[in-house]
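Trainee: Take this structure, written in structure tokens, and hold onto it; I'll ask about it next.
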Amino acid sequence: MIVVVVRSLVYNHEPYLRDTLDGFVMQKTNFKFEVQVHDDASTDNSQAIIKEYAAKYPEIIKPFLEEENQYSKGVNGVMRWGKLNCKYVALCEGDDYWTNQNKLQRQVDFLESHPEYSMCFHDVDIKAEKGREWYDVFGKLEDRDYTGLENMLKWSVPTCSMVMRREMFETRPTNPKFTMGDNVLVLHCSRNGKIRCIPEKMGVYRLTPTSWIGGQSDKVQRYKYISHYLGLIEEFEECRCEKMYDILENQYFQLLAILKREGDKEEFEHIKQEYLTYPGTTHWDKFCSFYIKNSFRSNVKSLLSKNVVHLVRKVKKYKI
């Protein structure tokens, strides 16, 4: 019987993929596990690398290679894998990797001896690739239980460190507004059990220019965050709280500031009306001061980036 299935999403991860696959095949366990690697029609050599490892480690690496990109069609690649036949599910995308050969064994041992826990995770090192600035993504992770809401207010569960019970993965809620999957899983596991952190660093979380966040413009990110948070508020009762509404309001303010600077009046009014009817209490009077400060920061960033000529041309009075 396969005890753990590792699911790994890959798209144009050629520079990092060997680290990821090496982290899988070096695992030492007293149980069977397999790694289902889903490549979403990468345009680099990712599929060739996956085939190489599948040929060398056929009992571990199970490739699922798309011929056409599914994400661009709005299709969730995870949903195309089919039914799971295991007890636990672990996650690690193709740009992150594991550094401890006993990682899976330790997490499975914990869940086996603590049936009240639906998930456990561990600390990781942060590695910033060229084009991204390093920052402390998760903060100091402690040897204690964490809640799903706590993870939303301060991201604390690295995706590459998650191991959960299969039922949690299979019954996770779906909502067309969701644009991310990791914090949905954390909230779902928290709603149906406990979540524990193992404070040892057993993996690496990469910051890359092609990641979900690094590869998109600020404006696109704001649209996706707003959609996702609205979905979370609809689905999870614990997300219907003042702190979550404040986070969502801040996303609306950031998007509105971008639209204002771009001069997109029609879309600005559309998002403004959407904000004025969002689930929390609105504070439209605060947007003016937010916009001025946000625009100032944006212009300073341009100046520090040596875009001085472009900046001078854009200088003007800020009027709402």
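The chains in the structure tokens are called A, B, ... from first to last as shown; in each chain the residues are counted from 1, and the ligands are counted from 1 in the order shown.
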Hey, what's within 6 Å of segment 105-119 of chain A if we count only C-alpha atoms and toss same-chain stuff fewer than 2 positions away? As a list in words, please?
Mentor: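 Final neighbour list, sorted by chain and number: Thr29, Asn102, Lys103, Val163, Met164, Arg165, Cys189, Gly193, Lys194 and Ile195 of chain A.
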Trainee: Write a file of the selected residues as a JSON list (two decimals), in the first residue's frame, keeping C-alpha atoms.
Mentor:
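Saved file selection.json follows:
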[["chain", "number", "residue", "atom", "x", "y", "z"],
["A", 29, "THR", "CA", 11.01, 5.85, 4.83],
["A", 102, "ASN", "CA", 13.79, 11.96, 6.97],
["A", 103, "LYS", "CA", 11.21, 14.70, 6.36],
["A", 163, "VAL", "CA", 1.59, 16.77, 4.88],
["A", 164, "MET", "CA", -2.13, 16.15, 5.45],
["A", 165, "ARG", "CA", -4.62, 13.33, 5.68],
["A", 189, "CYS", "CA", -7.58, 21.26, 7.80],
["A", 193, "GLY", "CA", -8.73, 19.06, 13.09],
["A", 194, "LYS", "CA", -5.50, 20.51, 14.45],
["A", 195, "ILE", "CA", -2.39, 21.73, 12.62]]
Trainee: Taking 4 positions as the minimum chain separation for residues in the same chain, which residues sit within 12 Å of Thr179 of chain A when counting only C-alpha atoms? Answer as number ranges by chain.
Mentor: A: 71, 74-76, 174-175, 183-184, 212-213, 220-232
Trainee: Which residues are close to Gly94 of chain A, i.e. within 7 Å by only C-alpha atoms, leaving aside same-chain residues fewer than 6 positions away? Reply as a PyMOL selection string.
Mentor: chain A and resi 8-10+13+16-17+20
Trainee: Go ahead and write the selection's residues with C-alpha atoms as a PDB file, in the first residue's frame.
Mentor:
ATOM      1  CA  SER A   8       4.175  18.409  -7.420  1.00  0.00           C
ATOM      2  CA  LEU A   9       3.066  21.072  -9.885  1.00  0.00           C
ATOM      3  CA  VAL A  10       5.625  22.104 -12.500  1.00  0.00           C
ATOM      4  CA  HIS A  13      10.916  25.122 -13.535  1.00  0.00           C
ATOM      5  CA  TYR A  16      15.217  24.431 -10.102  1.00  0.00           C
ATOM      6  CA  LEU A  17      13.609  21.083 -10.935  1.00  0.00           C
ATOM      7  CA  THR A  20      13.078  19.324  -6.284  1.00  0.00           C
TER       8      THR A  20
END
Trainee: Taking the chain letters and numbering used in this document, name the residues of segment 118-293 of chain A that DSSP puts in alpha helix (DSSP H), as a JSON list (two decimals) with C-alpha atoms, in the first residue's frame.
Mentor:
[["chain", "number", "residue", "atom", "x", "y", "z"],
["A", 148, "GLY", "CA", -6.10, 28.51, 9.58],
["A", 149, "LEU", "CA", -7.04, 32.12, 10.32],
["A", 150, "GLU", "CA", -3.63, 32.74, 11.89],
["A", 151, "ASN", "CA", -2.06, 31.57, 8.63],
["A", 152, "MET", "CA", -4.23, 34.02, 6.69],
["A", 153, "LEU", "CA", -3.29, 36.98, 8.87],
["A", 166, "ARG", "CA", -5.95, 12.28, 2.29],
["A", 167, "GLU", "CA", -9.56, 13.05, 3.28],
["A", 168, "MET", "CA", -8.63, 16.69, 3.86],
["A", 169, "PHE", "CA", -7.18, 17.01, 0.38],
["A", 170, "GLU", "CA", -10.11, 15.28, -1.27],
["A", 182, "ASP", "CA", -2.55, 26.37, -0.22],
["A", 183, "ASN", "CA", -4.34, 28.57, 2.31],
["A", 184, "VAL", "CA", -7.67, 26.95, 1.39],
["A", 185, "LEU", "CA", -6.17, 23.61, 2.44],
["A", 186, "VAL", "CA", -4.83, 25.09, 5.69],
["A", 187, "LEU", "CA", -8.22, 26.59, 6.57],
["A", 188, "HIS", "CA", -9.98, 23.34, 5.68],
["A", 189, "CYS", "CA", -7.58, 21.26, 7.80],
["A", 190, "SER", "CA", -7.94, 23.71, 10.69],
["A", 191, "ARG", "CA", -11.73, 23.47, 10.46],
["A", 192, "ASN", "CA", -11.59, 19.68, 10.67],
["A", 218, "ASP", "CA", 0.88, 44.49, -9.11],
["A", 219, "LYS", "CA", -2.49, 45.15, -10.72],
["A", 220, "VAL", "CA", -3.08, 41.53, -11.71],
["A", 221, "GLN", "CA", -2.07, 40.42, -8.21],
["A", 222, "ARG", "CA", -4.60, 42.79, -6.64],
["A", 223, "TYR", "CA", -7.46, 41.43, -8.77],
["A", 224, "LYS", "CA", -6.53, 37.87, -7.85],
["A", 225, "TYR", "CA", -6.12, 38.58, -4.14],
["A", 226, "ILE", "CA", -9.49, 40.37, -4.00],
["A", 227, "SER", "CA", -11.24, 37.48, -5.73],
["A", 228, "HIS", "CA", -9.54, 34.94, -3.47],
["A", 229, "TYR", "CA", -10.30, 36.75, -0.22],
["A", 230, "LEU", "CA", -13.95, 37.19, -1.21],
["A", 231, "GLY", "CA", -14.10, 33.44, -1.81],
["A", 232, "LEU", "CA", -12.52, 32.69, 1.57],
["A", 233, "ILE", "CA", -14.99, 34.98, 3.35],
["A", 234, "GLU", "CA", -17.86, 33.18, 1.63],
["A", 235, "GLU", "CA", -16.55, 29.71, 2.49],
["A", 242, "GLU", "CA", -12.57, 42.52, 11.15],
["A", 243, "LYS", "CA", -8.92, 41.65, 10.47],
["A", 244, "MET", "CA", -9.77, 39.82, 7.25],
["A", 245, "TYR", "CA", -12.03, 42.66, 6.13],
["A", 246, "ASP", "CA", -9.15, 45.08, 6.78],
["A", 247, "ILE", "CA", -6.84, 42.95, 4.59],
["A", 248, "LEU", "CA", -9.43, 42.87, 1.81],
["A", 249, "GLU", "CA", -10.03, 46.62, 2.08],
["A", 250, "ASN", "CA", -6.30, 47.23, 1.72],
["A", 251, "GLN", "CA", -6.27, 45.16, -1.48],
["A", 252, "TYR", "CA", -9.15, 47.27, -2.86],
["A", 253, "PHE", "CA", -7.30, 50.48, -1.95],
["A", 254, "GLN", "CA", -4.12, 49.27, -3.68],
["A", 255, "LEU", "CA", -6.04, 48.36, -6.84],
["A", 256, "LEU", "CA", -7.95, 51.65, -6.83],
["A", 257, "ALA", "CA", -4.68, 53.58, -6.44],
["A", 258, "ILE", "CA", -3.20, 51.77, -9.45],
["A", 259, "LEU", "CA", -6.30, 52.45, -11.57],
["A", 260, "LYS", "CA", -6.29, 56.13, -10.50],
["A", 261, "ARG", "CA", -2.65, 56.58, -11.49],
["A", 262, "GLU", "CA", -3.33, 54.85, -14.83],
["A", 265, "LYS", "CA", -11.82, 56.15, -14.88],
["A", 266, "GLU", "CA", -14.37, 53.55, -15.96],
["A", 267, "GLU", "CA", -12.67, 50.65, -14.19],
["A", 268, "PHE", "CA", -11.92, 52.88, -11.19],
["A", 269, "GLU", "CA", -15.64, 53.59, -10.74],
["A", 270, "HIS", "CA", -16.49, 49.93, -11.24],
["A", 271, "ILE", "CA", -14.07, 48.77, -8.53],
["A", 272, "LYS", "CA", -15.11, 51.65, -6.28],
["A", 273, "GLN", "CA", -18.73, 50.49, -6.38],
["A", 274, "GLU", "CA", -17.63, 46.90, -5.80],
["A", 275, "TYR", "CA", -15.64, 48.04, -2.76],
["A", 276, "LEU", "CA", -18.55, 50.07, -1.38],
["A", 287, "PHE", "CA", -8.81, 56.30, 0.44],
["A", 288, "CYS", "CA", -7.64, 59.86, -0.31],
["A", 289, "SER", "CA", -4.80, 59.75, 2.22],
["A", 290, "PHE", "CA", -4.00, 56.17, 1.22],
["A", 291, "TYR", "CA", -3.74, 57.19, -2.45],
["A", 292, "ILE", "CA", -1.39, 60.08, -1.76],
["A", 293, "LYS", "CA", 0.93, 57.93, 0.38]]
Trainee: Please return, as a ChimeraX atom specification, all residues of segment 62-222 of chain A that DSSP assigns to strand (DSSP E) on the basis of the backbone.
Mentor: /A:62-65,88-91,97-98,117-128,145-146,163-165,194-207
Trainee: Within 9 Å of Gly131 of chain A, counting only C-alpha atoms, which residues show up once you throw out same-chain ones fewer than 3 positions away? Write them as a PDB file with C-alpha atoms, in the first residue's frame, please.
Mentor:
ATOM      1  CA  ALA A 128      15.811  34.428  -3.330  1.00  0.00           C
ATOM      2  CA  LEU A 207      11.460  33.348  -4.269  1.00  0.00           C
ATOM      3  CA  THR A 208      11.618  33.385  -8.070  1.00  0.00           C
ATOM      4  CA  PRO A 209      10.725  35.994 -10.713  1.00  0.00           C
ATOM      5  CA  GLY A 214       6.784  37.318  -8.757  1.00  0.00           C
TER       6      GLY A 214
END
